[in-house]
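Raw input_30.cif, mmCIF, C-alpha atoms:
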data_run
loop_
_atom_site.group_PDB
_atom_site.id
_atom_site.type_symbol
_atom_site.label_atom_id
_atom_site.label_comp_id
_atom_site.auth_asym_id
_atom_site.auth_seq_id
_atom_site.Cartn_x
_atom_site.Cartn_y
_atom_site.Cartn_z
ATOM 1 C CA MET T 20 -76.964 -179.438 121.596
ATOM 2 C CA GLN T 21 -75.293 -182.833 121.568
ATOM 3 C CA LEU T 22 -77.330 -185.835 120.440
ATOM 4 C CA ILE T 23 -77.401 -188.673 122.976
ATOM 5 C CA ASP T 24 -80.069 -190.963 121.503
ATOM 6 C CA SER T 25 -82.815 -190.934 118.876
ATOM 7 C CA LYS T 26 -85.589 -193.117 117.534
ATOM 8 C CA PRO T 27 -88.617 -192.848 115.220
ATOM 9 C CA LEU T 28 -92.052 -192.890 116.848
ATOM 10 C CA THR T 29 -95.551 -192.922 115.371
ATOM 11 C CA ILE T 30 -98.293 -191.819 117.771
ATOM 12 C CA THR T 31 -101.840 -192.930 116.978
ATOM 13 C CA LYS T 32 -103.640 -193.066 120.326
ATOM 14 C CA SER T 33 -102.778 -189.736 121.910
ATOM 15 C CA ARG T 34 -105.159 -188.197 124.430
ATOM 16 C CA SER T 35 -103.501 -184.794 124.137
ATOM 17 C CA LYS T 36 -105.501 -181.600 123.662
ATOM 18 C CA LEU T 37 -102.479 -180.189 121.866
ATOM 19 C CA ALA T 38 -102.659 -180.119 118.075
ATOM 20 C CA PHE T 39 -100.911 -178.730 115.028
ATOM 21 C CA THR T 40 -103.387 -176.502 113.183
ATOM 22 C CA THR T 41 -103.221 -174.466 109.985
ATOM 23 C CA THR T 42 -104.969 -171.635 108.174
ATOM 24 C CA GLY T 43 -104.880 -170.650 104.536
ATOM 25 C CA GLY T 44 -106.681 -168.936 101.692
ATOM 26 C CA THR T 45 -107.890 -169.637 98.170
ATOM 27 C CA ASN T 46 -104.458 -170.031 96.583
ATOM 28 C CA TRP T 47 -102.789 -171.604 99.607
ATOM 29 C CA LYS T 48 -104.967 -174.096 101.474
ATOM 30 C CA VAL T 49 -102.237 -174.281 104.112
ATOM 31 C CA TRP T 50 -100.133 -171.196 104.782
ATOM 32 C CA ASP T 51 -99.857 -170.334 108.485
ATOM 33 C CA ARG T 52 -99.108 -173.026 111.069
ATOM 34 C CA PHE T 53 -99.941 -173.094 114.768
ATOM 35 C CA ILE T 54 -99.611 -175.169 117.907
ATOM 36 C CA SER T 55 -103.031 -175.092 119.538
ATOM 37 C CA LEU T 56 -104.566 -176.244 122.799
ATOM 38 C CA GLY T 57 -108.186 -177.125 122.139
ATOM 39 C CA ASP T 58 -109.622 -174.110 120.297
ATOM 40 C CA GLU T 59 -106.887 -171.749 121.541
ATOM 41 C CA GLN T 60 -103.847 -171.009 119.363
ATOM 42 C CA LEU T 61 -100.778 -171.073 121.608
ATOM 43 C CA PHE T 62 -98.042 -170.328 119.073
ATOM 44 C CA HIS T 63 -97.900 -169.142 115.506
ATOM 45 C CA ILE T 64 -95.000 -171.248 114.265
ATOM 46 C CA GLY T 65 -94.437 -169.725 110.853
ATOM 47 C CA ASN T 66 -95.652 -170.401 107.341
ATOM 48 C CA VAL T 67 -94.936 -172.792 104.481
ATOM 49 C CA CYS T 68 -92.900 -170.264 102.476
ATOM 50 C CA GLY T 69 -89.361 -171.539 101.951
ATOM 51 C CA THR T 70 -87.942 -168.086 101.187
ATOM 52 C CA CYS T 71 -89.684 -166.205 104.023
ATOM 53 C CA GLU T 72 -87.875 -165.723 107.308
ATOM 54 C CA PHE T 73 -88.365 -168.065 110.239
ATOM 55 C CA PHE T 74 -90.458 -166.839 113.172
ATOM 56 C CA PHE T 75 -92.581 -167.877 116.127
ATOM 57 C CA ARG T 76 -95.051 -165.816 118.092
ATOM 58 C CA ARG T 77 -97.022 -166.527 121.231
ATOM 59 C CA MET T 78 -100.727 -166.029 120.504
ATOM 60 C CA THR T 79 -102.352 -166.039 123.941
ATOM 61 C CA ASP T 80 -101.992 -164.445 127.347
ATOM 62 C CA LEU T 81 -103.494 -167.502 129.030
ATOM 63 C CA ALA T 82 -101.447 -168.980 131.873
ATOM 64 C CA VAL T 83 -100.736 -172.314 130.211
ATOM 65 C CA PRO T 84 -99.383 -174.887 132.678
ATOM 66 C CA SER T 85 -96.602 -177.322 131.890
ATOM 67 C CA PHE T 86 -97.685 -180.671 130.517
ATOM 68 C CA GLU T 87 -96.433 -183.524 132.654
ATOM 69 C CA ILE T 88 -97.256 -187.126 133.454
ATOM 70 C CA GLU T 89 -96.962 -187.996 137.113
ATOM 71 C CA ARG T 90 -95.542 -191.486 136.610
ATOM 72 C CA VAL T 91 -92.436 -190.165 134.800
ATOM 73 C CA LYS T 92 -92.047 -186.969 136.847
ATOM 74 C CA THR T 93 -89.366 -188.425 139.127
ATOM 75 C CA GLU T 94 -87.595 -190.054 136.197
ATOM 76 C CA LEU T 95 -87.390 -186.738 134.329
ATOM 77 C CA GLU T 96 -86.249 -184.875 137.429
ATOM 78 C CA SER T 97 -83.368 -187.303 137.844
ATOM 79 C CA GLY T 98 -82.613 -187.153 134.131
ATOM 80 C CA ILE T 99 -82.651 -189.944 131.570
ATOM 81 C CA ALA T 100 -79.568 -191.324 129.836
ATOM 82 C CA ALA T 101 -81.455 -193.036 126.982
ATOM 83 C CA ILE T 102 -84.917 -192.699 125.492
ATOM 84 C CA GLY T 103 -86.093 -196.189 126.478
ATOM 85 C CA SER T 104 -89.813 -196.364 127.240
ATOM 86 C CA THR T 105 -90.028 -192.744 128.395
ATOM 87 C CA ALA T 106 -91.089 -191.481 124.964
ATOM 88 C CA ASP T 107 -93.889 -194.058 124.778
ATOM 89 C CA THR T 108 -95.213 -192.916 128.149
ATOM 90 C CA LEU T 109 -95.032 -189.237 127.200
ATOM 91 C CA ALA T 110 -96.759 -189.940 123.875
ATOM 92 C CA GLU T 111 -100.143 -189.341 125.503
ATOM 93 C CA ILE T 112 -99.386 -185.593 125.787
ATOM 94 C CA ILE T 113 -98.069 -185.359 122.189
ATOM 95 C CA PRO T 114 -100.406 -184.928 119.169
ATOM 96 C CA ASN T 115 -100.875 -187.926 116.885
ATOM 97 C CA GLY T 116 -98.408 -188.152 114.034
ATOM 98 C CA LYS T 117 -94.918 -189.226 112.990
ATOM 99 C CA TYR T 118 -91.923 -188.086 115.030
ATOM 100 C CA VAL T 119 -88.244 -188.512 115.504
ATOM 101 C CA VAL T 120 -87.662 -188.474 119.254
ATOM 102 C CA ALA T 121 -84.235 -187.098 120.123
ATOM 103 C CA LEU T 122 -82.517 -186.942 123.497
ATOM 104 C CA PHE T 123 -80.021 -184.084 123.648
ATOM 105 C CA GLU T 124 -77.555 -182.684 126.113
ATOM 106 C CA CYS T 125 -78.502 -179.040 126.097
ATOM 107 C CA GLN T 126 -77.000 -175.803 127.402
ATOM 108 C CA PRO T 127 -79.761 -173.180 127.031
ATOM 109 C CA ALA T 128 -78.909 -169.476 127.107
ATOM 110 C CA LEU T 129 -81.534 -166.753 127.350
ATOM 111 C CA ALA T 130 -81.533 -164.772 124.109
ATOM 112 C CA GLY T 131 -80.628 -161.120 124.462
ATOM 113 C CA THR T 132 -78.389 -161.640 127.487
ATOM 114 C CA ASP T 133 -74.617 -161.150 127.521
ATOM 115 C CA GLY T 134 -72.948 -163.350 124.925
ATOM 116 C CA THR T 135 -76.259 -164.618 123.514
ATOM 117 C CA PRO T 136 -77.567 -162.333 120.767
ATOM 118 C CA ASP T 137 -81.151 -162.298 119.610
ATOM 119 C CA TYR T 138 -81.247 -164.372 116.422
ATOM 120 C CA PHE T 139 -83.956 -162.209 114.875
ATOM 121 C CA SER T 140 -81.978 -158.968 115.067
ATOM 122 C CA HIS T 141 -78.561 -160.480 114.333
ATOM 123 C CA GLU T 142 -78.080 -163.652 112.245
ATOM 124 C CA GLN T 143 -81.457 -163.419 110.543
ATOM 125 C CA ARG T 144 -80.814 -159.839 109.410
ATOM 126 C CA LEU T 145 -77.689 -160.977 107.553
ATOM 127 C CA ALA T 146 -79.832 -162.981 105.149
ATOM 128 C CA TRP T 147 -83.069 -160.964 105.308
ATOM 129 C CA PRO T 148 -81.860 -157.380 105.968
ATOM 130 C CA ASP T 149 -84.999 -155.638 104.721
ATOM 131 C CA TYR T 150 -87.604 -158.266 105.475
ATOM 132 C CA ASP T 151 -89.667 -156.985 108.367
ATOM 133 C CA ASP T 152 -93.197 -158.180 107.616
ATOM 134 C CA ASP T 153 -93.161 -160.267 110.785
ATOM 135 C CA PRO T 154 -92.476 -158.693 114.195
ATOM 136 C CA PRO T 155 -89.999 -160.291 116.631
ATOM 137 C CA PRO T 156 -91.202 -162.970 119.080
ATOM 138 C CA THR T 157 -93.664 -161.859 121.738
ATOM 139 C CA THR T 158 -92.034 -164.083 124.344
ATOM 140 C CA SER T 159 -88.564 -164.589 125.752
ATOM 141 C CA TYR T 160 -86.723 -167.628 124.435
ATOM 142 C CA TYR T 161 -83.492 -169.557 124.828
ATOM 143 C CA ARG T 162 -80.870 -170.453 122.282
ATOM 144 C CA GLY T 163 -78.808 -173.600 122.068
ATOM 145 C CA ASP T 164 -75.764 -173.877 119.802
ATOM 146 C CA SER T 165 -75.316 -173.121 116.128
ATOM 147 C CA MET T 166 -73.991 -175.807 113.809
ATOM 148 C CA ALA T 167 -72.227 -175.166 110.500
ATOM 149 C CA MET T 168 -73.310 -177.555 107.769
ATOM 150 C CA PRO T 169 -72.192 -178.091 104.152
ATOM 151 C CA GLU T 170 -73.038 -175.700 101.313
ATOM 152 C CA GLN T 171 -73.255 -172.491 103.373
ATOM 153 C CA GLN T 172 -75.942 -173.789 105.697
ATOM 154 C CA MET T 173 -76.299 -173.211 109.440
ATOM 155 C CA LEU T 174 -78.445 -174.876 112.086
ATOM 156 C CA PHE T 175 -79.919 -172.690 114.826
ATOM 157 C CA GLU T 176 -81.488 -174.116 118.002
ATOM 158 C CA PHE T 177 -84.312 -172.489 119.940
ATOM 159 C CA LEU T 178 -86.083 -173.408 123.181
ATOM 160 C CA VAL T 179 -89.411 -171.610 123.423
ATOM 161 C CA PRO T 180 -91.201 -171.592 126.806
ATOM 162 C CA LEU T 181 -94.966 -171.644 127.304
ATOM 163 C CA TYR T 182 -94.657 -168.713 129.673
ATOM 164 C CA ASP T 183 -92.149 -166.026 130.611
ATOM 165 C CA SER T 184 -89.324 -166.744 133.053
ATOM 166 C CA SER T 185 -90.636 -163.948 135.332
ATOM 167 C CA LEU T 186 -93.515 -166.279 136.273
ATOM 168 C CA LEU T 187 -91.262 -169.082 137.494
ATOM 169 C CA SER T 188 -91.113 -170.148 141.125
ATOM 170 C CA ASP T 189 -87.871 -169.047 142.775
ATOM 171 C CA GLU T 190 -88.073 -172.080 145.047
ATOM 172 C CA ARG T 191 -88.251 -174.529 142.118
ATOM 173 C CA VAL T 192 -85.463 -172.743 140.263
ATOM 174 C CA THR T 193 -83.249 -172.958 143.366
ATOM 175 C CA HIS T 194 -84.124 -176.652 143.709
ATOM 176 C CA TYR T 195 -82.944 -177.360 140.161
ATOM 177 C CA LYS T 196 -79.838 -175.222 140.485
ATOM 178 C CA THR T 197 -78.832 -177.356 143.448
ATOM 179 C CA LEU T 198 -79.556 -180.579 141.568
ATOM 180 C CA ILE T 199 -77.655 -179.503 138.489
ATOM 181 C CA LYS T 200 -74.634 -178.339 140.484
ATOM 182 C CA SER T 201 -74.575 -181.742 142.193
ATOM 183 C CA GLY T 202 -74.125 -183.444 138.809
ATOM 184 C CA VAL T 203 -77.746 -184.372 138.010
ATOM 185 C CA ARG T 204 -78.902 -183.676 134.442
ATOM 186 C CA PRO T 205 -82.712 -183.340 134.676
ATOM 187 C CA THR T 206 -84.703 -183.751 131.476
ATOM 188 C CA ALA T 207 -87.040 -181.191 129.898
ATOM 189 C CA VAL T 208 -89.622 -182.146 127.237
ATOM 190 C CA SER T 209 -90.468 -180.324 124.014
ATOM 191 C CA LEU T 210 -92.707 -180.544 120.952
ATOM 192 C CA SER T 211 -90.431 -179.521 118.106
ATOM 193 C CA VAL T 212 -90.520 -178.385 114.491
ATOM 194 C CA LEU T 213 -87.720 -177.985 111.945
ATOM 195 C CA ASP T 214 -87.941 -175.186 109.373
ATOM 196 C CA VAL T 215 -85.417 -174.766 106.552
ATOM 197 C CA LYS T 216 -85.391 -171.248 105.089
ATOM 198 C CA ALA T 217 -83.322 -169.482 102.421
ATOM 199 C CA PRO T 218 -83.894 -165.941 101.052
ATOM 200 C CA MET T 219 -84.793 -165.489 97.405
ATOM 201 C CA SER T 220 -82.137 -162.784 96.938
ATOM 202 C CA PHE T 221 -79.354 -161.060 98.849
ATOM 203 C CA PRO T 222 -78.539 -157.383 99.480
ATOM 204 C CA GLU T 223 -76.377 -155.523 96.981
ATOM 205 C CA ASP T 224 -73.312 -153.314 97.359
ATOM 206 C CA GLU T 225 -72.878 -149.877 95.773
ATOM 207 C CA ASP T 226 -71.994 -151.490 92.428
ATOM 208 C CA GLY T 227 -75.089 -153.682 92.390
ATOM 209 C CA ASN T 228 -73.261 -156.887 93.277
ATOM 210 C CA GLU T 229 -74.929 -159.325 95.655
ATOM 211 C CA ILE T 230 -73.448 -159.479 99.146
ATOM 212 C CA GLU T 231 -73.681 -163.085 100.206
ATOM 213 C CA PRO T 232 -73.958 -163.787 103.942
ATOM 214 C CA GLU T 233 -71.661 -166.338 105.525
ATOM 215 C CA PHE T 234 -74.486 -168.885 105.369
ATOM 216 C CA ARG T 235 -77.301 -168.946 102.822
ATOM 217 C CA THR T 236 -79.719 -171.441 104.367
ATOM 218 C CA HIS T 237 -81.048 -171.406 107.932
ATOM 219 C CA TRP T 238 -82.114 -174.667 109.547
ATOM 220 C CA CYS T 239 -84.201 -173.580 112.531
ATOM 221 C CA LEU T 240 -85.060 -176.221 115.134
ATOM 222 C CA ALA T 241 -87.696 -174.753 117.446
ATOM 223 C CA ASN T 242 -88.326 -176.735 120.638
ATOM 224 C CA TYR T 243 -91.637 -175.627 122.196
ATOM 225 C CA MET T 244 -91.286 -176.590 125.832
ATOM 226 C CA LEU T 245 -94.054 -178.709 127.299
ATOM 227 C CA ASP T 246 -92.323 -179.381 130.614
ATOM 228 C CA GLY T 247 -89.089 -178.341 132.285
ATOM 229 C CA HIS T 248 -89.310 -174.542 132.409
ATOM 230 C CA HIS T 249 -87.631 -174.361 135.828
ATOM 231 C CA LYS T 250 -84.971 -176.853 134.752
ATOM 232 C CA VAL T 251 -84.098 -174.847 131.657
ATOM 233 C CA PHE T 252 -83.907 -171.522 133.493
ATOM 234 C CA ALA T 253 -81.776 -173.094 136.229
ATOM 235 C CA SER T 254 -79.438 -174.556 133.606
ATOM 236 C CA HIS T 255 -79.128 -171.145 131.954
ATOM 237 C CA SER T 256 -78.458 -169.515 135.330
ATOM 238 C CA VAL T 257 -75.657 -171.850 136.435
ATOM 239 C CA GLY T 258 -74.169 -172.475 132.982
ATOM 240 C CA ILE T 259 -74.319 -176.272 133.282
ATOM 241 C CA PRO T 260 -76.102 -178.483 130.702
ATOM 242 C CA ILE T 261 -79.273 -180.481 131.267
ATOM 243 C CA THR T 262 -81.006 -182.910 128.899
ATOM 244 C CA LEU T 263 -83.903 -182.325 126.510
ATOM 245 C CA LEU T 264 -86.288 -184.959 125.155
ATOM 246 C CA SER T 265 -87.472 -183.475 121.878
ATOM 247 C CA PHE T 266 -90.433 -184.838 119.897
ATOM 248 C CA ILE T 267 -89.547 -183.539 116.416
ATOM 249 C CA SER T 268 -92.601 -183.617 114.166
ATOM 250 C CA VAL T 269 -91.967 -185.204 110.784
ATOM 251 C CA ASP T 270 -95.416 -184.259 109.479
ATOM 252 C CA HIS T 271 -95.123 -180.552 110.305
ATOM 253 C CA SER T 272 -91.421 -179.986 109.639
ATOM 254 C CA TRP T 273 -89.656 -179.643 106.341
ATOM 255 C CA GLN T 274 -89.029 -183.214 105.292
ATOM 256 C CA LEU T 275 -85.391 -183.110 106.388
ATOM 257 C CA VAL T 276 -85.637 -184.451 109.921
ATOM 258 C CA ASP T 277 -83.614 -187.592 109.146
ATOM 259 C CA GLU T 278 -80.936 -185.398 107.555
ATOM 260 C CA LEU T 279 -80.968 -183.238 110.685
ATOM 261 C CA ILE T 280 -80.272 -186.255 112.896
ATOM 262 C CA THR T 281 -77.450 -187.311 110.560
ATOM 263 C CA HIS T 282 -75.873 -183.870 110.928
ATOM 264 C CA TYR T 283 -76.155 -184.057 114.712
ATOM 265 C CA LYS T 284 -74.300 -187.350 114.712
ATOM 266 C CA GLY T 285 -71.326 -185.724 113.015
ATOM 267 C CA ARG T 286 -71.773 -182.195 114.254
ATOM 268 C CA GLN T 287 -69.342 -179.312 114.470
ATOM 269 C CA ILE T 288 -70.422 -176.535 116.862
ATOM 270 C CA THR T 289 -69.686 -172.888 116.106
ATOM 271 C CA LYS T 290 -70.219 -169.789 118.206
ATOM 272 C CA ARG T 291 -73.717 -168.385 118.510
#
Could the structure of this file be written out as structure tokens, please?
Amino acid sequence: MQLIDSKPLTITKSRSKLAFTTTGGTNWKVWDRFISLGDEQLFHIGNVCGTCEFFFRRMTDLAVPSFEIERVKTELESGIAAIGSTADTLAEIIPNGKYVVALFECQPALAGTDGTPDYFSHEQRLAWPDYDDDPPPTTSYYRGDSMAMPEQQMLFEFLVPLYDSSLLSDERVTHYKTLIKSGVRPTAVSLSVLDVKAPMSFPEDEDGNEIEPEFRTHWCLANYMLDGHHKVFASHSVGIPITLLSFISVDHSWQLVDELITHYKGRQITKR
């Protein structure tokens, strides 16, 4: 993804039923993290372990609708070129907390399709070859780009829908394909979390020497889509970018969000 605009935002008067929730035990008061809607856990978004692998898992079969605000619906369909007041309007569907709001140009690609490998069975296995405590995602997802960073680090981008692409309306997908082909860059909206993970050890060769992967540390930016499912699928289908307004949680990410934005400003894209 290419960064277009960004700004910090603190939300204190949200009316959203969405929330970040956690569970834990005696030794770890907070271990597992979730995005919840009321009392229902929507996504398990990983744990607080810095050496465990990154994961997300959908937790419900409920048909969760997109979250949208009518007064910015037309604006988002036409696409925004700068954050402006749009983030303040959308703040009512975002949980209270501190955020960096980032507007990206985004070219999503459905993971597991031609030319877009599944991160969890490819890049992740290079660093965690034998770590299989957590099953793969229970939902389809999209990938953005990968970005090489200093000191053998790599950024991976994920767009995670609330529901499977098989449930999308063909009519709405066709509508957005037409818009995108005409040069419009409609804007999707996400609630996002950054995880930074590095394995404790690496696999060994026959002589007992560690085999280091090309990159040691995985920065995983997961964008949980609140609105724009048809836009994202249409963009994937026609191979033309759209825009993404991402509310990146500072409170529930590793405290490296500012560093992430700095890297985006001077980014170097590599192949997925």
Requested in this report: Quick one: pull the distance between atom CA of Lys250 of chain T and atom CA of Thr206 of chain T, Å, one decimal.
Outcome: 7.6 Å
Requested in this report: Would you write out, as a list in words, every residue that the PyMOL selection byres ((chain T and resi 77) around 10) captures in this file?
Outcome: Phe53, Ile54, Gln60, Leu61, Phe62, His63, Ile64, Phe75, Arg76, Met78, Thr79, Asp80, Pro156, Thr157, Thr158, Ser159, Val179, Pro180, Leu181 and Tyr182 of chain T
Excluding Phe175 of chain T and its own-chain neighbours fewer than 5 positions away, which residues fall within 7 Å of it when counting all atoms listed in the file? Please give them as an mmCIF file with C-alpha atoms, in the coordinates of the input.
data_model
loop_
_atom_site.group_PDB
_atom_site.id
_atom_site.type_symbol
_atom_site.label_atom_id
_atom_site.label_comp_id
_atom_site.auth_asym_id
_atom_site.auth_seq_id
_atom_site.Cartn_x
_atom_site.Cartn_y
_atom_site.Cartn_z
ATOM 1 C CA ASP T 164 -75.764 -173.877 119.802
ATOM 2 C CA SER T 165 -75.316 -173.121 116.128
ATOM 3 C CA MET T 166 -73.991 -175.807 113.809
ATOM 4 C CA TRP T 238 -82.114 -174.667 109.547
ATOM 5 C CA CYS T 239 -84.201 -173.580 112.531
ATOM 6 C CA LEU T 240 -85.060 -176.221 115.134
#
Query raised in the report: Applied to this file, what does the PyMOL selection byres ((chain T and resi 30) around 6) return in terms of residues, put as a count of residues only?
Result: 4
Report task. Please write the residues picked by the PyMOL selection byres ((chain T and resi 263-279) around 6) on this file as a VMD selection string. Result -> chain T and resid 117 to 123 206 to 214 262 280 to 282
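Remark: for Pro205 of chain T, the closest of the candidate residues T:Phe252, T:Phe39, T:Phe177, T:Tyr161 is T:Phe252 (distances computed over only C-alpha atoms).
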Query - Exercise: residues within 6 Å of coordinate (-79.9, -170.8, 126.2), counting only C-alpha atoms, as an MDAnalysis selection string - result: chainID T and resid 126:129 161:163 255
Query - Spatial neighbours of Ile259 of chain T, 9 Å, all atoms listed in the file, chain gap at least 6 places, as number ranges by chain - result: T: 125-127, 199-200, 204, 253
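Put simply, atom CA of Thr40 of chain T is 23.9 Å away from atom CA of Gly247 of chain T.
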